[in-house]
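S.K.: Got a structure here, written out as structure tokens. Questions coming.
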Amino acid sequence: MSEMEKISGTGVYVQGNDIDTDRIIPARFLKCVTFDELGPSLFHDVRFDEQGNTKSHILDNPNYKGAQILISDANFGCGSSREHAPQAIQKFGLKAVVAGSFAEIFHGNCTTLGIPCVTMEKSDREKLARLTLDDPSADIIIDIKALKLVCANNIFDIQMKASAREAFLANSYDPLDTLLVAAADVAQTAKRLGY
Amino acid sequence: MAKNLYQKIWDDHVVRQLDSGQYQLFIALHLIHEVTSPQAFGMLKDKGLKVAYPGRTFATVDHIIPTDDQSRPLADEMAEKMIQVLSDATSEAGIEFFPPESGSQGIVHVVGPELGLTQPGMTICCGDSHTSTHGAFGCIALGIGTSQVRDVLASQTIAMDPLKVRRIRVEGALQPGVSAKDVILHIIRTLGVNGGVGYAYEYAGSTISNMSMEERMTVCNMSIEGGARCGYINPDDTTFAYLRGRERVPEGDAFDVAVGKWRAYASDEDAKFDDEVVIEARDIRPTVTWGVTPGQAISVEENVPDPDHAEGLDKSLISDALNYMQLTANQPIKGTKIDVAFIGSCTNGRLSDFREVARLIEGRKVAKNVKAIAVPGSEKVDKAARALGLHTIFEQAGFEWRKPGCSMCLAMNPDKLVGDEVCASSSNRNFIGRQGSPTGRTILMSPIMVAAAAIEGAVADVRTTFNLEQTS
Ligand code: SF4
């Protein structure tokens with residue numbers, strides 16, 4: 001079984017449509033030459049004021065400490081292509097994102113890093129969000145193979161991009177090794193195109 | 001079988017299909033900059049890999065470079081380090097690098113086209129979402145994340161799912177005072193910020209064919225703001241005329257051969273599209289954003305929306321955006337006071353942008369209390385503008401004329417909003433905190449609309465500020 005077949009943990013709901021990558025990680029935190037230190041800056045400006053005092057964001061609520069599944073609304077991750085955004089999510093300790101829909105570059109970045117992006121029908125997603133609001137300790141299981149999400153005795157259907165799901169099930173979500181295998185074909189293509 | 005441009009380029013550049021169902025796509029041109037690429041070189045090192053096709057990657061610095069004093073070492077240590085890492089990594093790999101003072105430095109999406117690196121029929125990648133800009137030349141131009149930058153460096157390929165193609169036909173003549181920026185803001189407003197998810201946008205129709213290359217780049221630049229993975233325009237005589245004589249473009253007979261090849265990439269007359277939208281140019285007005293996404297836009301004549309007339313999540317989105325922008329439901333957007341005026345960025349930092357504005361502001365003055373800055377998109381734009389004396393016109397009107405870079409488009413260099421300042425901006429994003437202050441407010445508009453706002457000290461209608469002749 002692929003290590004990515006099932007993901008479980010508690011959830012945290014960050015509400016809002018069109019949450020952009022500038023919100024997920026403001027540009028000033030992109031001044032870095034490695035991604036290692038990004039975790040604490042996740043959603044920085046909605047979590048802290050200009051003096052660095054907490055604004056009591058849900059991510060800082062002790063009840064949601066250790067949550068592993070981020071739940072949000074439509075068009076999550078729109079905006080810049082910065083991989084700093086999924087890197088910050090991962091370094092913060094989150095393992096999967098459930099949303100209404102995803103911006104594509106963000107989705108691709110998450111997949112490569114091994115963060116499954118899962119979509120759910122609006123009513124199901126609202127119900128899931130409500131479950132985590134009512135009981136922060138409610139366990140969630142995302143079953144990528146069966147395309148189901150289980151939370152507090154509810155079983156929801158989930159959707160995933162087919163190629164991403166395949167890649168997670170085959171443990172090949174980081175495509176680099178696969179791409180490198182075809183070096184000879186790549187050289188052939190370059191030659192054919194006159195590059 | 002008839003094909004559109006997207007299908008032709010895709011079919012040409014596919015190496016093979018992968019087990020996941022994705023395709024391995026050859027990348028003709030790879031552009032890199034200091035923010036999203038140094039980490040990729042680190043990843044290669046960790047895996048003991050080398051850059052496979054160093055001649056197909058080009059580097060510059062744009063995001064973190066200050067626009068006043070660019071002397072090295074930069075005052076900001078981390079910024080200096082980022083440039084240094086990029087400079088070392090590119091020289092080690094044998095990648096060409098255009099640093100400040102090279103004569104070719106600038107915003108990566110300004111530099112590629114002006115050097116002629118960007119050519120029709122190419123697949124182009126850059127670790128930057130506005131790579132879509134290059135689609136203006138008839139390319140599949142994709143913004144990618146750092147792990148994919150690593151993939152391109154190591155293999156000159158990426159793994160990708162094919163896209164659907166939506167043709168957006170814009171037809172007719174634009175009214176006076178309406179620019180390419182208004183066209184794309186209008187398209188995003190109409191189709192929504194996620195209307196393009198899963199699509200490549202083909203921009204077509206008479207309005208688009210009549211545009212210059214610089215206007216086409218403005219349109220393609222913001223494809224990503226409409227949710228599309230990329231956007232393109234079919235190459236035509238305007239494209240070839242722009243490319244002729246550029247540094248990295250073949251000369252003489254080789255140019256004619258190239259044109260033959262480039263022309264063949266244009267969508268066939270009877271090509272099929274997954275979707276089609278028609279937009280009438282006469283419906284487009286000077287457009288400005290009122291909220292915190294590029295889709296929250298209205299014409300300058302309109303009032304901002306009322307959350308009480310919206311439903312569900314829309315209601316809270318609108319009221320949150322109005323609160324953030326400190327606007328009241330139903331108020332006219334015109335007359336909203338501004339503190340800063342910014343002309344520049346990869347959307348509108350090209351020579352024609354400054355030329356257009358200079359023509360209008362000559363002899364006029366920026367309002368007191370407005371800080372106005374003009375930032376050329378590249379050293380070449382700067383040089384050409386200076387040769388025409390444009391910088392003097394800007395300076396006499398009260399603008400600061402800066403050195404090339406991304407400047408106030410995003411908050412990674414010293415050019416930032418302070419507190420809740422309002423900025424009339426020719427850039428492409430009005431997200432919360434985008435311009436450097438977590439409470440700063442951005443109103444997106446065309447460069448000539450920024451000029452009008454700068455002069456009036458408030459959001460203004462370019463047509464009245466500059467007495468542009470009205471037709472109806
Ligand atoms: S000008 Fe702005 S949008 Fe363009 S590359 Fe620079 S930061 Fe990105």
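Note on naming: chains are A, B, ... as they come in the structure tokens, residues start from 1 per chain, ligands start from 1 in the order shown.
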Neighbouring residues of ligand 1 are defined here as those with any atom at most 7 Å from a ligand atom, counting only C-alpha atoms and all ligand atoms; list them as a PyMOL selection string.

M.R.: chain B and resi 62-63+107-109+128+130+345-347+406+409-410+427-428

S.K.: Write down, as a PyMOL selection string, each residue of chain B that has any atom within 7 Å of an atom of chain A, counting only C-alpha atoms.

M.R.: chain B and resi 15+20-22+24+26+28+35-36+38-39+78-79+82+127-129+143-146+151+155+159+194+197+225+227+229+410-412+431-432+434+438

S.K.: Okay, now the selection with N, CA and C atoms, as an mmCIF file, in the first residue's frame?

M.R.:
data_model
loop_
_atom_site.group_PDB
_atom_site.id
_atom_site.type_symbol
_atom_site.label_atom_id
_atom_site.label_comp_id
_atom_site.auth_asym_id
_atom_site.auth_seq_id
_atom_site.Cartn_x
_atom_site.Cartn_y
_atom_site.Cartn_z
ATOM 1 N N VAL B 15 6.903 14.537 -25.076
ATOM 2 C CA VAL B 15 7.931 13.505 -25.191
ATOM 3 C C VAL B 15 7.279 12.126 -25.100
ATOM 4 N N SER B 20 0.999 8.011 -14.749
ATOM 5 C CA SER B 20 -0.055 8.709 -13.994
ATOM 6 C C SER B 20 -1.141 9.224 -14.932
ATOM 7 N N GLY B 21 -0.865 9.212 -16.236
ATOM 8 C CA GLY B 21 -1.811 9.779 -17.194
ATOM 9 C C GLY B 21 -1.358 11.150 -17.672
ATOM 10 N N GLN B 22 -0.436 11.760 -16.924
ATOM 11 C CA GLN B 22 0.105 13.051 -17.357
ATOM 12 C C GLN B 22 1.054 12.857 -18.541
ATOM 13 N N GLN B 24 4.802 14.055 -20.417
ATOM 14 C CA GLN B 24 6.098 14.692 -20.237
ATOM 15 C C GLN B 24 6.281 15.669 -21.387
ATOM 16 N N PHE B 26 8.346 18.750 -23.319
ATOM 17 C CA PHE B 26 9.639 19.410 -23.506
ATOM 18 C C PHE B 26 9.470 20.920 -23.387
ATOM 19 N N ALA B 28 10.911 24.553 -24.238
ATOM 20 C CA ALA B 28 11.831 25.193 -25.179
ATOM 21 C C ALA B 28 12.639 26.307 -24.519
ATOM 22 N N VAL B 35 13.870 34.727 -6.828
ATOM 23 C CA VAL B 35 12.995 34.361 -5.712
ATOM 24 C C VAL B 35 12.647 32.878 -5.684
ATOM 25 N N THR B 36 12.361 32.309 -6.856
ATOM 26 C CA THR B 36 11.827 30.943 -6.865
ATOM 27 C C THR B 36 12.822 29.923 -7.388
ATOM 28 N N PRO B 38 16.694 29.847 -6.639
ATOM 29 C CA PRO B 38 17.863 29.395 -5.877
ATOM 30 C C PRO B 38 17.604 28.056 -5.173
ATOM 31 N N GLN B 39 16.376 27.887 -4.642
ATOM 32 C CA GLN B 39 16.066 26.646 -3.918
ATOM 33 C C GLN B 39 16.139 25.438 -4.858
ATOM 34 N N MET B 78 19.645 39.830 2.933
ATOM 35 C CA MET B 78 19.029 38.645 2.352
ATOM 36 C C MET B 78 18.841 38.807 0.844
ATOM 37 N N ALA B 79 18.486 40.036 0.424
ATOM 38 C CA ALA B 79 18.340 40.303 -1.009
ATOM 39 C C ALA B 79 19.677 40.090 -1.706
ATOM 40 N N MET B 82 20.350 36.451 -2.081
ATOM 41 C CA MET B 82 19.564 35.802 -3.125
ATOM 42 C C MET B 82 20.185 36.029 -4.506
ATOM 43 N N GLY B 127 9.398 30.122 -13.031
ATOM 44 C CA GLY B 127 8.839 29.993 -11.694
ATOM 45 C C GLY B 127 8.150 31.279 -11.301
ATOM 46 N N ASP B 128 7.107 31.611 -12.037
ATOM 47 C CA ASP B 128 6.408 32.877 -11.828
ATOM 48 C C ASP B 128 5.094 32.808 -12.581
ATOM 49 N N SER B 129 4.007 33.136 -11.893
ATOM 50 C CA SER B 129 2.703 32.916 -12.515
ATOM 51 C C SER B 129 2.465 33.790 -13.748
ATOM 52 N N GLY B 143 3.479 29.289 -15.775
ATOM 53 C CA GLY B 143 4.100 29.542 -14.488
ATOM 54 C C GLY B 143 4.213 28.218 -13.744
ATOM 55 N N ILE B 144 5.333 28.000 -13.079
ATOM 56 C CA ILE B 144 5.544 26.727 -12.379
ATOM 57 C C ILE B 144 6.112 26.984 -10.982
ATOM 58 N N GLY B 145 6.011 25.972 -10.130
ATOM 59 C CA GLY B 145 6.588 26.071 -8.786
ATOM 60 C C GLY B 145 8.059 25.672 -8.803
ATOM 61 N N THR B 146 8.681 25.821 -7.637
ATOM 62 C CA THR B 146 10.120 25.590 -7.571
ATOM 63 C C THR B 146 10.509 24.137 -7.859
ATOM 64 N N ASP B 151 12.692 20.371 -11.978
ATOM 65 C CA ASP B 151 12.463 19.382 -13.038
ATOM 66 C C ASP B 151 12.982 19.884 -14.385
ATOM 67 N N SER B 155 15.846 18.098 -16.350
ATOM 68 C CA SER B 155 15.406 17.254 -17.473
ATOM 69 C C SER B 155 14.905 18.026 -18.681
ATOM 70 N N ALA B 159 6.006 17.426 -15.995
ATOM 71 C CA ALA B 159 4.872 16.511 -16.108
ATOM 72 C C ALA B 159 3.624 17.370 -16.058
ATOM 73 N N ASN B 194 -11.955 32.505 -11.137
ATOM 74 C CA ASN B 194 -11.632 31.086 -11.351
ATOM 75 C C ASN B 194 -12.347 30.526 -12.580
ATOM 76 N N VAL B 197 -10.145 28.079 -14.763
ATOM 77 C CA VAL B 197 -9.474 26.885 -14.229
ATOM 78 C C VAL B 197 -9.646 25.701 -15.192
ATOM 79 N N GLU B 225 -4.816 35.739 -13.575
ATOM 80 C CA GLU B 225 -5.782 36.359 -12.652
ATOM 81 C C GLU B 225 -7.204 35.893 -12.957
ATOM 82 N N GLY B 227 -7.737 32.802 -13.644
ATOM 83 C CA GLY B 227 -7.730 31.384 -13.297
ATOM 84 C C GLY B 227 -7.201 30.482 -14.399
ATOM 85 N N ARG B 229 -4.643 28.635 -16.917
ATOM 86 C CA ARG B 229 -3.267 28.171 -16.700
ATOM 87 C C ARG B 229 -2.310 28.948 -17.591
ATOM 88 N N LEU B 410 4.940 44.077 -5.769
ATOM 89 C CA LEU B 410 4.859 43.191 -4.610
ATOM 90 C C LEU B 410 5.889 43.625 -3.590
ATOM 91 N N ALA B 411 5.818 43.066 -2.423
ATOM 92 C CA ALA B 411 6.553 43.637 -1.310
ATOM 93 C C ALA B 411 7.886 42.962 -1.039
ATOM 94 N N MET B 412 8.727 42.880 -2.058
ATOM 95 C CA MET B 412 9.995 42.207 -1.792
ATOM 96 C C MET B 412 11.201 43.109 -1.993
ATOM 97 N N PHE B 431 -4.451 41.802 -4.081
ATOM 98 C CA PHE B 431 -4.670 40.975 -2.899
ATOM 99 C C PHE B 431 -4.310 41.751 -1.630
ATOM 100 N N ILE B 432 -4.940 41.356 -0.544
ATOM 101 C CA ILE B 432 -4.645 41.972 0.746
ATOM 102 C C ILE B 432 -3.148 41.858 1.044
ATOM 103 N N ARG B 434 -0.659 42.794 -0.677
ATOM 104 C CA ARG B 434 0.200 42.557 -1.838
ATOM 105 C C ARG B 434 1.313 43.591 -1.978
ATOM 106 N N PRO B 438 0.349 45.158 5.390
ATOM 107 C CA PRO B 438 -0.771 44.237 5.614
ATOM 108 C C PRO B 438 -2.131 44.942 5.549
#

S.K.: Assign secondary structure with DSSP using the backbone only, and return the residues of stretch 47-151 of chain A in helix (DSSP H, G or I) as a ChimeraX atom specification.

M.R.: /A:47,58-60,62-64,84-92,104-113,122-134

S.K.: Would you mind reading off the distance between atom CA of B:Asp420 and atom CA of B:Thr439, one decimal, in Å?

M.R.: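 Atom CA of B:Thr439 lies 4.8 Å from atom CA of B:Asp420.
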
S.K.: For B:Leu191, which of B:Val152, B:Ala266, B:Ala297, B:Leu163 is the closest residue, counting only C-alpha atoms?

M.R.: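 Using only C-alpha atoms, the shortest distance to B:Leu191 belongs to B:Ala297.
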
S.K.: Which neighbours of B:Asp353 fall inside 9 Å, counting only C-alpha atoms, when residues of the same chain fewer than 4 positions from it are skipped, and could you give them as a PyMOL selection string?

M.R.: chain B and resi 214-215+343-344+348-349+357-358+446-448

S.K.: Save the residues we just selected, N, CA, C and O atoms, as a PDB file, in the first residue's frame?

M.R.:
ATOM      1  N   GLU B 214       2.921  44.959 -27.339  1.00  0.00           N
ATOM      2  CA  GLU B 214       2.968  45.334 -25.921  1.00  0.00           C
ATOM      3  C   GLU B 214       1.567  45.279 -25.315  1.00  0.00           C
ATOM      4  O   GLU B 214       1.391  44.849 -24.174  1.00  0.00           O
ATOM      5  N   GLU B 215       0.575  45.671 -26.083  1.00  0.00           N
ATOM      6  CA  GLU B 215      -0.798  45.568 -25.580  1.00  0.00           C
ATOM      7  C   GLU B 215      -1.188  44.090 -25.418  1.00  0.00           C
ATOM      8  O   GLU B 215      -1.847  43.715 -24.439  1.00  0.00           O
ATOM      9  N   ILE B 343       3.252  53.323 -11.694  1.00  0.00           N
ATOM     10  CA  ILE B 343       3.219  52.853 -13.083  1.00  0.00           C
ATOM     11  C   ILE B 343       4.450  51.984 -13.301  1.00  0.00           C
ATOM     12  O   ILE B 343       5.585  52.434 -13.143  1.00  0.00           O
ATOM     13  N   GLY B 344       4.204  50.734 -13.626  1.00  0.00           N
ATOM     14  CA  GLY B 344       5.301  49.788 -13.830  1.00  0.00           C
ATOM     15  C   GLY B 344       4.751  48.377 -13.816  1.00  0.00           C
ATOM     16  O   GLY B 344       3.553  48.181 -14.038  1.00  0.00           O
ATOM     17  N   ASN B 348       2.325  46.399 -17.149  1.00  0.00           N
ATOM     18  CA  ASN B 348       2.316  47.720 -17.793  1.00  0.00           C
ATOM     19  C   ASN B 348       3.584  48.510 -17.503  1.00  0.00           C
ATOM     20  O   ASN B 348       3.512  49.665 -17.078  1.00  0.00           O
ATOM     21  N   GLY B 349       4.729  47.905 -17.750  1.00  0.00           N
ATOM     22  CA  GLY B 349       5.983  48.623 -17.516  1.00  0.00           C
ATOM     23  C   GLY B 349       6.833  48.689 -18.778  1.00  0.00           C
ATOM     24  O   GLY B 349       8.059  48.697 -18.719  1.00  0.00           O
ATOM     25  N   VAL B 357       1.402  57.567 -21.399  1.00  0.00           N
ATOM     26  CA  VAL B 357       1.196  58.415 -20.222  1.00  0.00           C
ATOM     27  C   VAL B 357       1.887  59.761 -20.417  1.00  0.00           C
ATOM     28  O   VAL B 357       1.306  60.817 -20.141  1.00  0.00           O
ATOM     29  N   ALA B 358       3.112  59.730 -20.934  1.00  0.00           N
ATOM     30  CA  ALA B 358       3.877  60.978 -21.102  1.00  0.00           C
ATOM     31  C   ALA B 358       3.116  61.948 -21.991  1.00  0.00           C
ATOM     32  O   ALA B 358       3.057  63.157 -21.727  1.00  0.00           O
ATOM     33  N   SER B 446      -5.448  50.906 -15.646  1.00  0.00           N
ATOM     34  CA  SER B 446      -4.480  51.057 -16.730  1.00  0.00           C
ATOM     35  C   SER B 446      -3.502  52.177 -16.387  1.00  0.00           C
ATOM     36  O   SER B 446      -3.796  53.023 -15.539  1.00  0.00           O
ATOM     37  N   PRO B 447      -2.344  52.217 -17.058  1.00  0.00           N
ATOM     38  CA  PRO B 447      -1.380  53.286 -16.773  1.00  0.00           C
ATOM     39  C   PRO B 447      -1.965  54.684 -16.977  1.00  0.00           C
ATOM     40  O   PRO B 447      -1.699  55.581 -16.170  1.00  0.00           O
ATOM     41  N   ILE B 448      -2.773  54.884 -18.015  1.00  0.00           N
ATOM     42  CA  ILE B 448      -3.303  56.250 -18.204  1.00  0.00           C
ATOM     43  C   ILE B 448      -4.339  56.584 -17.135  1.00  0.00           C
ATOM     44  O   ILE B 448      -4.496  57.742 -16.749  1.00  0.00           O
TER      45      ILE B 448
END
